[in-house]
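Peer 1: Sharing data11.cif, mmCIF, C-alpha atoms:
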data_start
loop_
_atom_site.label_atom_id
_atom_site.label_comp_id
_atom_site.auth_asym_id
_atom_site.auth_seq_id
_atom_site.Cartn_x
_atom_site.Cartn_y
_atom_site.Cartn_z
CA MET P 873 16.31 117.23 91.32
CA GLY P 874 14.88 117.85 94.79
CA ASP P 875 17.94 116.28 96.45
CA ARG P 876 20.27 118.42 94.35
CA GLY P 877 18.40 121.55 95.30
CA GLY P 878 18.59 120.59 98.95
CA ALA P 879 22.28 119.90 98.74
CA GLY P 880 22.85 123.20 96.99
CA GLY P 881 20.84 125.00 99.63
CA SER P 882 22.83 123.24 102.34
CA ARG P 883 26.12 124.38 100.81
CA ARG P 884 24.96 127.97 100.45
CA ARG P 885 23.65 128.02 104.00
CA ARG P 886 26.86 126.54 105.33
CA THR P 887 29.06 129.20 103.72
CA GLY P 888 26.82 131.92 105.07
CA SER P 889 26.77 130.55 108.64
CA ARG P 890 30.49 130.02 109.14
CA PRO P 891 31.42 133.57 110.08
CA SER P 892 28.74 133.69 112.80
CA SER P 893 29.79 130.42 114.45
CA GLN P 894 33.37 131.16 115.30
CA GLY P 895 32.78 130.11 118.90
CA GLY P 896 32.23 126.49 117.96
CA GLY P 897 29.31 124.31 116.83
CA GLY P 898 25.84 124.50 118.26
CA PRO P 899 22.68 125.71 116.69
CA ALA P 900 24.32 126.71 113.44
CA GLU P 901 25.64 123.19 112.82
CA GLU P 902 22.33 121.69 113.89
CA GLU P 903 20.57 123.90 111.36
CA VAL P 904 22.95 122.82 108.64
CA ARG P 905 22.33 119.13 109.36
CA ASP P 906 18.55 119.64 109.36
CA VAL P 907 18.57 121.48 106.04
CA GLY P 908 20.92 118.97 104.46
CA ALA P 909 18.62 116.14 105.50
CA GLY P 910 15.60 117.82 103.95
CA GLY P 911 13.77 118.22 107.29
CA ASP P 912 11.18 120.75 108.38
CA ALA P 913 13.64 123.59 108.67
CA PRO P 914 12.72 126.73 106.71
CA ALA P 915 14.09 127.05 103.18
CA PRO P 916 17.37 128.99 102.92
CA ALA P 917 17.22 132.61 101.83
CA PRO P 918 18.14 133.19 98.15
CA ALA P 919 21.71 134.18 97.41
CA PRO P 920 22.20 137.94 97.15
CA ASP P 921 22.95 139.70 93.87
CA LYS P 922 26.54 140.54 92.98
CA ASP P 923 25.80 144.25 93.19
CA GLU P 924 24.50 143.84 96.75
CA ASN P 925 27.49 141.69 97.59
CA ARG P 926 29.85 144.47 96.42
CA ASP P 927 28.12 147.03 98.60
CA SER P 928 27.85 144.85 101.72
CA ASP P 929 30.06 145.14 104.74
CA VAL P 930 32.63 142.44 104.12
CA GLY P 931 34.00 142.57 107.64
CA SER P 932 30.68 141.82 109.35
CA GLY P 933 29.71 138.99 107.03
CA HIS P 934 26.12 140.29 106.78
CA TRP P 935 24.32 142.09 103.96
CA ASP P 936 22.71 145.43 104.67
CA LEU P 937 19.09 144.55 103.84
CA SER P 938 17.96 148.07 104.69
CA ARG P 939 19.71 149.44 101.53
CA CYS P 940 18.75 148.40 98.00
CA HIS P 941 19.27 151.69 96.13
CA HIS P 942 22.53 153.12 94.84
CA LEU P 943 23.69 156.19 92.96
CA GLN P 944 23.63 155.05 89.32
CA ASP P 945 22.38 156.07 85.84
CA SER P 946 19.94 154.26 83.56
CA LEU P 947 21.64 152.03 81.00
CA PHE P 948 20.46 154.09 78.03
CA SER P 949 22.00 157.25 79.53
CA SER P 950 25.35 158.21 78.02
CA ASP P 951 26.78 158.76 81.53
CA SER P 952 26.17 155.14 82.51
CA GLY P 953 29.16 153.90 80.50
CA PHE P 954 27.12 150.90 79.29
CA SER P 955 27.99 149.81 75.75
CA ASN P 956 26.82 146.22 75.33
CA TYR P 957 23.86 146.52 72.93
CA ARG P 958 24.44 143.17 71.25
CA GLY P 959 20.87 142.05 71.95
CA ILE P 960 19.45 145.14 70.25
CA LEU P 961 21.71 144.52 67.26
CA ASN P 962 20.43 140.94 67.05
CA TRP P 963 16.88 142.26 67.27
CA CYS P 964 17.58 144.61 64.34
CA VAL P 965 18.93 141.69 62.31
CA VAL P 966 15.86 139.57 63.09
CA MET P 967 13.50 142.42 62.16
CA LEU P 968 15.44 143.02 58.95
CA ILE P 969 15.20 139.34 58.01
CA LEU P 970 11.47 139.20 58.77
CA SER P 971 10.66 142.38 56.83
CA ASN P 972 12.64 141.25 53.80
CA ALA P 973 11.15 137.76 54.04
CA ARG P 974 7.71 139.34 53.74
CA LEU P 975 8.80 141.31 50.68
CA PHE P 976 10.36 138.21 49.13
CA LEU P 977 7.21 136.16 49.73
CA GLU P 978 5.06 138.94 48.29
CA ASN P 979 7.29 139.01 45.22
CA LEU P 980 6.99 135.24 44.73
CA ILE P 981 3.20 135.34 45.08
CA LYS P 982 2.87 138.24 42.64
CA TYR P 983 5.37 137.28 39.92
CA GLY P 984 6.22 133.63 40.47
CA ILE P 985 9.78 132.37 39.93
CA LEU P 986 11.57 134.57 37.39
CA VAL P 987 15.14 133.36 37.98
CA ASP P 988 16.69 132.00 34.77
CA PRO P 989 20.49 131.68 34.81
CA ILE P 990 20.55 130.45 31.20
CA GLN P 991 18.93 133.67 29.99
CA VAL P 992 22.02 135.75 30.78
CA VAL P 993 24.35 133.32 28.99
CA SER P 994 22.05 133.05 25.97
CA LEU P 995 22.06 136.83 25.51
CA PHE P 996 25.79 136.70 24.77
CA LEU P 997 25.77 133.45 22.83
CA LYS P 998 23.11 134.69 20.40
CA ASP P 999 25.13 137.73 19.40
CA PRO P 1000 28.92 137.40 19.82
CA TYR P 1001 29.31 141.00 18.60
CA SER P 1002 27.62 142.18 21.83
CA TRP P 1003 30.72 141.37 23.85
CA PRO P 1004 32.27 144.84 24.07
CA ALA P 1005 34.15 144.05 27.30
CA LEU P 1006 35.92 141.06 25.75
CA CYS P 1007 36.78 143.07 22.63
CA LEU P 1008 38.17 145.87 24.79
CA VAL P 1009 40.34 143.41 26.73
CA ILE P 1010 41.78 141.99 23.52
CA VAL P 1011 42.39 145.39 21.95
CA ALA P 1012 43.90 146.70 25.21
CA ASN P 1013 46.87 144.42 24.62
CA VAL P 1014 47.77 146.49 21.56
CA PHE P 1015 48.01 149.67 23.64
CA ALA P 1016 49.87 147.88 26.44
CA VAL P 1017 52.48 146.45 24.08
CA ALA P 1018 52.80 149.80 22.32
CA ALA P 1019 53.33 151.57 25.64
CA PHE P 1020 55.88 148.91 26.60
CA GLN P 1021 57.84 149.51 23.40
CA VAL P 1022 57.67 153.27 23.91
CA GLU P 1023 58.89 152.85 27.51
CA LYS P 1024 61.91 150.98 26.21
CA ARG P 1025 62.74 154.18 24.34
CA LEU P 1026 60.92 156.47 26.81
CA ALA P 1027 57.46 156.19 28.51
CA VAL P 1028 53.56 156.30 28.57
CA LEU P 1029 50.95 153.92 30.36
CA VAL P 1030 50.45 156.24 33.40
CA SER P 1031 51.59 154.20 36.43
CA TYR P 1032 54.00 152.07 34.38
CA ARG P 1033 55.43 155.20 32.83
CA ASP P 1034 55.63 157.20 36.09
CA VAL P 1035 57.44 154.52 38.08
CA ASN P 1036 59.93 153.92 35.31
CA LEU P 1037 60.42 157.68 35.01
CA TRP P 1038 61.19 157.91 38.73
CA CYS P 1039 63.60 155.01 38.38
CA ARG P 1040 65.40 156.69 35.49
CA GLU P 1041 65.82 159.84 37.55
CA ARG P 1042 67.16 157.91 40.55
CA ARG P 1043 69.48 155.93 38.32
CA ALA P 1044 70.88 159.13 36.83
CA LYS P 1045 71.48 160.59 40.30
CA ALA P 1046 73.10 157.35 41.42
CA LYS P 1047 75.52 157.42 38.52
CA ALA P 1048 76.32 161.06 39.19
CA LYS P 1049 77.17 160.31 42.82
CA ALA P 1050 78.87 156.98 42.05
CA LYS P 1051 76.62 155.20 44.56
CA ALA P 1052 74.73 152.89 42.28
CA ALA P 1053 74.34 150.04 44.78
CA SER P 1054 72.77 152.04 47.63
CA ALA P 1055 70.57 154.05 45.27
CA SER P 1056 69.32 150.83 43.68
CA LYS P 1057 68.23 149.54 47.09
CA LYS P 1058 66.25 152.70 47.81
CA ALA P 1059 64.61 152.61 44.40
CA ASN P 1060 63.50 149.00 44.83
CA GLY P 1061 61.89 149.52 48.23
CA GLY P 1062 62.06 146.69 50.79
CA ALA P 1063 64.19 143.61 50.56
CA ALA P 1064 62.68 140.93 48.32
CA GLN P 1065 63.98 137.50 47.36
CA HIS P 1066 64.74 138.52 43.80
CA THR P 1067 64.85 142.30 43.51
CA VAL P 1068 64.72 143.85 40.07
CA SER P 1069 66.26 147.19 39.20
CA TYR P 1070 65.58 149.50 36.28
CA PRO P 1071 65.87 148.88 33.32
CA HIS P 1072 65.89 145.09 33.87
CA ASN P 1073 62.16 145.25 34.65
CA LEU P 1074 61.33 146.13 31.03
CA THR P 1075 60.21 142.64 30.00
CA TYR P 1076 56.93 141.25 28.75
CA ARG P 1077 56.74 138.99 31.80
CA ASP P 1078 56.94 142.00 34.12
CA LEU P 1079 54.47 143.99 32.00
CA TYR P 1080 51.77 141.29 31.95
CA TYR P 1081 52.22 140.52 35.61
CA PHE P 1082 51.35 144.16 36.30
CA LEU P 1083 48.39 144.10 33.88
CA LEU P 1084 46.91 140.95 35.45
CA ALA P 1085 47.70 141.69 39.12
CA PRO P 1086 44.83 143.15 41.22
CA THR P 1087 46.38 146.62 41.38
CA LEU P 1088 46.55 149.82 39.36
CA CYS P 1089 49.89 151.03 40.75
CA TYR P 1090 53.10 149.69 39.26
CA GLU P 1091 56.18 148.73 41.25
CA LEU P 1092 59.43 147.14 40.25
CA ASN P 1093 59.18 144.59 43.06
CA PHE P 1094 55.66 143.71 44.20
CA PRO P 1095 55.26 141.98 47.58
CA ARG P 1096 54.84 138.26 46.89
CA SER P 1097 53.25 135.50 48.94
CA PRO P 1098 55.41 132.37 49.44
CA ARG P 1099 52.97 129.86 47.92
CA ILE P 1100 49.47 129.34 46.48
CA ARG P 1101 47.04 128.19 49.17
CA LYS P 1102 44.79 125.73 47.36
CA ARG P 1103 42.02 125.60 50.00
CA PHE P 1104 41.89 129.39 50.22
CA LEU P 1105 41.72 129.65 46.43
CA LEU P 1106 38.97 127.01 46.23
CA ARG P 1107 36.84 128.89 48.77
CA ARG P 1108 37.18 132.12 46.81
CA LEU P 1109 36.26 130.38 43.52
CA LEU P 1110 33.17 128.79 45.09
CA GLU P 1111 32.17 132.18 46.50
CA MET P 1112 32.53 133.72 43.05
CA LEU P 1113 30.32 131.07 41.48
CA PHE P 1114 27.63 131.17 44.16
CA LEU P 1115 27.48 134.96 44.50
CA THR P 1116 27.33 135.42 40.72
CA GLN P 1117 24.23 133.23 40.54
CA LEU P 1118 22.77 134.95 43.60
CA GLN P 1119 23.19 138.41 42.08
CA VAL P 1120 21.64 137.34 38.77
CA GLY P 1121 18.72 135.72 40.60
CA LEU P 1122 18.06 138.77 42.79
CA ILE P 1123 18.16 141.09 39.78
CA GLN P 1124 15.76 138.94 37.77
CA GLN P 1125 13.39 138.16 40.63
CA TRP P 1126 13.42 141.35 42.66
CA MET P 1127 14.75 144.35 40.76
CA VAL P 1128 13.45 143.89 37.21
CA PRO P 1129 9.73 143.72 38.19
CA THR P 1130 10.09 146.73 40.49
CA ILE P 1131 11.81 148.78 37.76
CA GLN P 1132 9.21 147.78 35.18
CA ASN P 1133 6.41 148.86 37.52
CA SER P 1134 8.17 152.20 38.06
CA MET P 1135 7.79 153.38 34.48
CA LYS P 1136 4.13 154.37 34.72
CA PRO P 1137 4.58 156.62 37.79
CA PHE P 1138 7.49 158.33 35.98
CA LYS P 1139 5.40 158.77 32.86
CA ASP P 1140 2.48 160.23 34.84
CA MET P 1141 4.83 162.21 37.13
CA ASP P 1142 3.04 160.76 40.16
CA TYR P 1143 5.53 161.85 42.81
CA SER P 1144 4.05 159.86 45.68
CA ARG P 1145 4.20 156.66 43.63
CA ILE P 1146 7.71 157.53 42.42
CA ILE P 1147 8.92 157.84 46.03
CA GLU P 1148 7.17 154.56 46.91
CA ARG P 1149 8.88 152.81 43.97
CA LEU P 1150 12.21 154.35 44.96
CA LEU P 1151 11.98 153.08 48.53
CA LYS P 1152 10.86 149.66 47.31
CA LEU P 1153 13.85 149.48 44.95
CA ALA P 1154 16.31 150.70 47.60
CA VAL P 1155 16.38 147.45 49.59
CA PRO P 1156 17.17 144.96 46.77
CA ASN P 1157 19.50 147.42 45.06
CA HIS P 1158 21.50 147.97 48.24
CA LEU P 1159 21.59 144.25 49.02
CA ILE P 1160 22.89 143.48 45.52
CA TRP P 1161 25.48 146.26 45.85
CA LEU P 1162 26.76 144.77 49.12
CA ILE P 1163 26.93 141.30 47.56
CA PHE P 1164 28.76 142.76 44.56
CA PHE P 1165 31.27 144.47 46.85
CA TYR P 1166 32.10 141.20 48.63
CA TRP P 1167 32.10 139.26 45.33
CA PHE P 1168 34.47 141.63 43.56
CA PHE P 1169 36.74 143.11 46.22
CA HIS P 1170 37.09 140.01 48.38
CA SER P 1171 36.35 136.89 46.36
CA CYS P 1172 37.52 137.86 42.86
CA MET P 1173 40.51 139.99 43.77
CA ASN P 1174 41.75 137.54 46.39
CA ALA P 1175 41.40 134.69 43.90
CA VAL P 1176 43.47 136.55 41.30
CA ALA P 1177 46.00 137.63 43.94
CA GLU P 1178 46.34 134.05 45.19
CA LEU P 1179 46.92 132.71 41.69
CA MET P 1180 49.57 135.34 41.03
CA GLN P 1181 51.02 135.16 44.56
CA PHE P 1182 50.39 138.89 44.90
CA GLY P 1183 51.11 139.77 48.54
CA ASP P 1184 49.28 143.06 49.11
CA ARG P 1185 45.66 142.03 49.83
CA GLU P 1186 44.42 145.39 51.13
CA PHE P 1187 41.66 145.87 48.57
CA TYR P 1188 39.31 147.62 51.01
CA ARG P 1189 39.28 149.00 54.54
CA ASP P 1190 36.51 149.48 57.11
CA TRP P 1191 34.36 151.79 54.98
CA TRP P 1192 31.24 150.53 56.79
CA ASN P 1193 32.40 152.52 59.84
CA SER P 1194 32.66 155.73 57.80
CA GLU P 1195 31.59 158.81 59.74
CA SER P 1196 32.18 161.07 56.74
CA VAL P 1197 31.69 160.81 52.98
CA THR P 1198 35.40 161.49 52.46
CA TYR P 1199 36.40 158.53 54.64
CA PHE P 1200 34.08 156.26 52.65
CA TRP P 1201 35.60 157.19 49.29
CA GLN P 1202 39.10 156.78 50.69
CA ASN P 1203 38.51 153.27 52.03
CA TRP P 1204 35.95 151.33 49.99
CA ASN P 1205 38.08 150.91 46.83
CA ILE P 1206 41.74 150.89 47.81
CA PRO P 1207 43.29 150.10 44.36
CA VAL P 1208 41.58 153.10 42.75
CA HIS P 1209 42.23 155.28 45.81
CA LYS P 1210 45.97 154.48 45.71
CA TRP P 1211 46.12 155.28 41.99
CA CYS P 1212 44.30 158.61 42.42
CA LEU P 1213 46.51 159.51 45.38
CA ARG P 1214 49.77 158.54 43.67
CA HIS P 1215 49.20 159.73 40.11
CA PHE P 1216 46.61 162.50 40.43
CA TYR P 1217 46.26 164.08 43.89
CA LYS P 1218 49.92 164.31 44.98
CA PRO P 1219 51.21 165.45 41.56
CA MET P 1220 48.66 168.30 41.66
CA LEU P 1221 49.90 169.27 45.13
CA ARG P 1222 53.50 169.25 43.89
CA ARG P 1223 52.46 171.57 41.07
CA GLY P 1224 51.14 174.11 43.58
CA SER P 1225 47.42 173.26 43.69
CA SER P 1226 45.57 173.48 46.98
CA LYS P 1227 44.17 170.38 48.67
CA TRP P 1228 40.61 171.44 47.86
CA VAL P 1229 41.41 171.91 44.16
CA ALA P 1230 43.24 168.56 44.06
CA SER P 1231 40.32 166.77 45.79
CA THR P 1232 37.83 168.39 43.41
CA GLY P 1233 39.96 167.28 40.47
CA VAL P 1234 39.94 163.69 41.74
CA PHE P 1235 36.16 163.72 42.11
CA PHE P 1236 35.80 165.26 38.63
CA ALA P 1237 37.92 162.50 37.07
CA SER P 1238 36.00 159.84 39.02
CA ALA P 1239 32.68 161.37 37.91
CA PHE P 1240 33.82 161.30 34.28
CA PHE P 1241 34.74 157.60 34.42
CA HIS P 1242 31.54 156.69 36.29
CA GLU P 1243 29.51 158.35 33.53
CA TYR P 1244 31.65 156.76 30.83
CA LEU P 1245 31.14 153.25 32.24
CA VAL P 1246 27.36 153.73 32.26
CA SER P 1247 26.76 155.80 29.12
CA VAL P 1248 28.79 153.71 26.69
CA PRO P 1249 27.01 150.36 27.34
CA LEU P 1250 23.58 152.07 27.33
CA HIS P 1251 24.43 154.12 24.19
CA MET P 1252 23.11 157.32 25.73
CA PHE P 1253 24.58 160.35 27.46
CA ARG P 1254 22.55 161.63 30.44
CA LEU P 1255 25.09 162.79 33.11
CA TRP P 1256 23.19 161.22 36.03
CA ALA P 1257 26.26 159.31 37.28
CA PHE P 1258 28.45 162.37 36.71
CA THR P 1259 26.06 164.58 38.67
CA GLY P 1260 25.82 162.03 41.47
CA MET P 1261 29.59 161.90 41.86
CA MET P 1262 30.05 165.67 41.77
CA ALA P 1263 27.27 165.99 44.36
CA GLN P 1264 29.56 164.11 46.75
CA ILE P 1265 31.64 167.29 47.20
CA PRO P 1266 28.92 169.42 48.87
CA LEU P 1267 27.53 166.31 50.55
CA ALA P 1268 30.94 165.61 52.13
CA TRP P 1269 31.02 169.16 53.50
CA ILE P 1270 27.47 168.94 54.89
CA VAL P 1271 28.06 165.60 56.62
CA SER P 1272 31.40 166.66 58.13
CA ARG P 1273 29.94 170.01 59.23
CA PHE P 1274 26.62 168.95 60.76
CA PHE P 1275 26.92 165.23 61.55
CA ARG P 1276 29.40 163.58 63.88
CA GLY P 1277 30.03 160.06 65.15
CA ASN P 1278 27.10 157.68 64.75
CA TYR P 1279 25.00 160.39 63.08
CA GLY P 1280 27.68 160.81 60.41
CA ASN P 1281 27.81 157.04 59.88
CA ALA P 1282 24.01 156.94 59.53
CA ALA P 1283 24.15 159.80 57.01
CA VAL P 1284 26.73 157.91 54.90
CA TRP P 1285 24.61 154.75 54.94
CA LEU P 1286 21.50 156.76 53.98
CA THR P 1287 23.23 158.26 50.94
CA LEU P 1288 24.36 154.79 49.85
CA ILE P 1289 20.93 153.22 50.28
CA ILE P 1290 18.89 156.02 48.65
CA GLY P 1291 21.35 157.59 46.20
CA GLN P 1292 22.01 154.55 44.01
CA PRO P 1293 18.33 153.66 43.34
CA VAL P 1294 17.72 157.26 42.24
CA ALA P 1295 20.44 156.95 39.58
CA VAL P 1296 19.19 153.49 38.55
CA LEU P 1297 15.61 154.71 38.05
CA MET P 1298 16.73 157.80 36.12
CA TYR P 1299 18.83 155.77 33.69
CA VAL P 1300 16.17 153.08 33.26
CA HIS P 1301 13.49 155.70 32.66
CA ASP P 1302 15.58 157.53 30.04
CA TYR P 1303 16.57 154.23 28.39
CA TYR P 1304 12.91 153.16 28.28
CA VAL P 1305 11.80 156.47 26.77
CA LEU P 1306 14.64 156.47 24.22
CA ASN P 1307 14.31 152.85 23.05
CA TYR P 1308 10.61 152.03 23.48
CA GLU P 1309 8.42 155.13 23.62
CA ALA P 1310 10.31 157.15 21.00
CA PRO P 1311 10.09 154.46 18.24
CA VAL P 1312 6.36 153.95 18.99
CA ALA P 1313 5.72 157.70 18.84
CA GLY P 1314 7.59 157.92 15.54
CA ALA P 1315 5.57 155.05 14.08
#
Can you present the structure in this file as structure tokens?

Peer 2:
Amino acid sequence: MGDRGGAGGSRRRRTGSRPSSQGGGGPAEEEVRDVGAGGDAPAPAPAPDKDENRDSDVGSGHWDLSRCHHLQDSLFSSDSGFSNYRGILNWCVVMLILSNARLFLENLIKYGILVDPIQVVSLFLKDPYSWPALCLVIVANVFAVAAFQVEKRLAVLVSYRDVNLWCRERRAKAKAKAKAASASKKANGGAAQHTVSYPHNLTYRDLYYFLLAPTLCYELNFPRSPRIRKRFLLRRLLEMLFLTQLQVGLIQQWMVPTIQNSMKPFKDMDYSRIIERLLKLAVPNHLIWLIFFYWFFHSCMNAVAELMQFGDREFYRDWWNSESVTYFWQNWNIPVHKWCLRHFYKPMLRRGSSKWVASTGVFFASAFFHEYLVSVPLHMFRLWAFTGMMAQIPLAWIVSRFFRGNYGNAAVWLTLIIGQPVAVLMYVHDYYVLNYEAPVAGA
């Protein structure tokens, strides 16, 4: 290692001495030989920094050792133009992992291992009549087939009905102008391998492809992928299996004990303890929500799309970069957003409504369905989900008015992290009071 250092020093010294020895050899070459041989010559000076090298006089070949200060801003100043904070981001990730590891260890010490995947399956196997989702799926076929038969004579099934209605109108105009071929091309959109025109799309095959495809908006000719990628499909299926077990385990191990311990503070109206429980629930709830998002919108929907060779895979956009509440709702659930835009928002605008009224109508409909999806399984009507969704309207105005850029993004994240646990605790508290305390009080 010593020889390598000497050789390196010799090379650095040689490159530095060449400009000053243009008149031939002499002392400079002698010095190079002595240093290369590892003699008693003084050690070479360390190589200058790149910043000093940029500011040195290139023509003279010497660095200005009398100057080491330059006109420049500190890195954390916005005027510095510095933007590489990757190390700080890594530090945040490490701190997040360590803090959650402590919480996870505390949970294990306090409650032991509560994860039981068989418990969830046994709940359904014991009582087959508690499968409302499966029953709804089976019964939904009746309405779909009925709507299909009506469409053959003339329409319903929202998107299915609307698209076929538009096609009927275009077909009538095409016949009137005697340009059926060109009008058919416009109605069918882009060029596909096997384009279908109205009314040849009115088949059960076409109907059930629409019902099973990962979309809510009907088209006569969906974009199709050329083949099924088996490795891609296998990865998505494995993700679905693993993330399902992970979500169940996190709910059983982390959320259920925290929710159970939150009932007493709610009963005693101990606000400090309620806030502490809320913050403690926020972390696992948000983590499970993020896992659910990836599981459903990426793994599940891509798996279904791959099986059906459905080509449009834009199920979400970069909602995590949202700097406003409006941007978040427009980009986190693209299938629902496209349906609301196509069949709710734009029709209201065409009927003369203002943009604000149309947006409020969309939020109202979304709030109704959020409440419906929660109230029906819990068999109680409390309006917490409805209120939370309608609160997004003033919240969107506040964030867009007072928060910009990174502050707006932080505000959106804060509402996601804190808002959901509030709704969860309110529903659990009301469910507990309705199903456990009320029967005991009556007895």

Peer 1: So which residues touch Ala1177 of chain P within 10 Å, counting all atoms listed in the file, skipping near sequence neighbours fewer than 5 positions away, as a JSON list (two decimals) with C-alpha atoms, in the frame of the given file?

Peer 2:
[["chain", "number", "residue", "atom", "x", "y", "z"],
["P", 1084, "LEU", "CA", 46.91, 140.95, 35.45],
["P", 1085, "ALA", "CA", 47.70, 141.69, 39.12],
["P", 1086, "PRO", "CA", 44.83, 143.15, 41.22],
["P", 1087, "THR", "CA", 46.38, 146.62, 41.38],
["P", 1096, "ARG", "CA", 54.84, 138.26, 46.89],
["P", 1097, "SER", "CA", 53.25, 135.50, 48.94],
["P", 1100, "ILE", "CA", 49.47, 129.34, 46.48],
["P", 1105, "LEU", "CA", 41.72, 129.65, 46.43],
["P", 1171, "SER", "CA", 36.35, 136.89, 46.36],
["P", 1172, "CYS", "CA", 37.52, 137.86, 42.86],
["P", 1182, "PHE", "CA", 50.39, 138.89, 44.90],
["P", 1183, "GLY", "CA", 51.11, 139.77, 48.54],
["P", 1184, "ASP", "CA", 49.28, 143.06, 49.11],
["P", 1185, "ARG", "CA", 45.66, 142.03, 49.83]]

Peer 1: Between atom CA of Cys940 of chain P and atom CA of Gly953 of chain P, measure the distance and give it in Å to one decimal.

Peer 2: 21.1 Å

Peer 1: List the residues matched by the PyMOL selection byres ((chain P and resi 1152) around 10) in the displayed structure as a PyMOL selection string, ordered by chain and then by residue number.

Peer 2: chain P and resi 975+1126-1127+1130-1131+1134+1146-1151+1153-1157+1293

Peer 1: Name the residues that the PyMOL selection byres ((chain P and resi 1234) around 10) pulls out of this structure, and write them as JSON, numbers by chain.

Peer 2: {"P": [1209, 1212, 1213, 1216, 1217, 1220, 1228, 1229, 1230, 1231, 1232, 1233, 1235, 1236, 1237, 1238, 1239, 1240]}

Peer 1: Quote the spacing between atom CA of Tyr1080 of chain P and atom CA of Ala1046 of chain P in Å to one decimal place.

Peer 2: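 Pair atom CA of Tyr1080 of chain P / atom CA of Ala1046 of chain P returns 28.3 Å.
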
Peer 1: Return the single residue from P:Arg1254, P:Arg1040, P:His1215, P:His1158 that is closest to Trp1285 of chain P, with distances computed using only C-alpha atoms.

Peer 2: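 Answer, going by the shortest atom-to-atom distance: P:His1158.
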
Peer 1: Using all atoms listed in the file, find the one residue out of P:Trp1191, P:Ile969, P:His1170, P:Tyr1299 that sits nearest to Ser1247 of chain P.

Peer 2: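 The answer is P:Tyr1299, which sits nearest to Ser1247 of chain P.
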
Peer 1: As a check of understanding, name the residues that the PyMOL selection byres ((chain P and resi 1264) around 12) selects in the supplied structure, as number ranges by chain.

Peer 2: P: 1196-1201, 1231-1232, 1234-1236, 1238-1239, 1257-1263, 1265-1272, 1284, 1287-1288, 1291
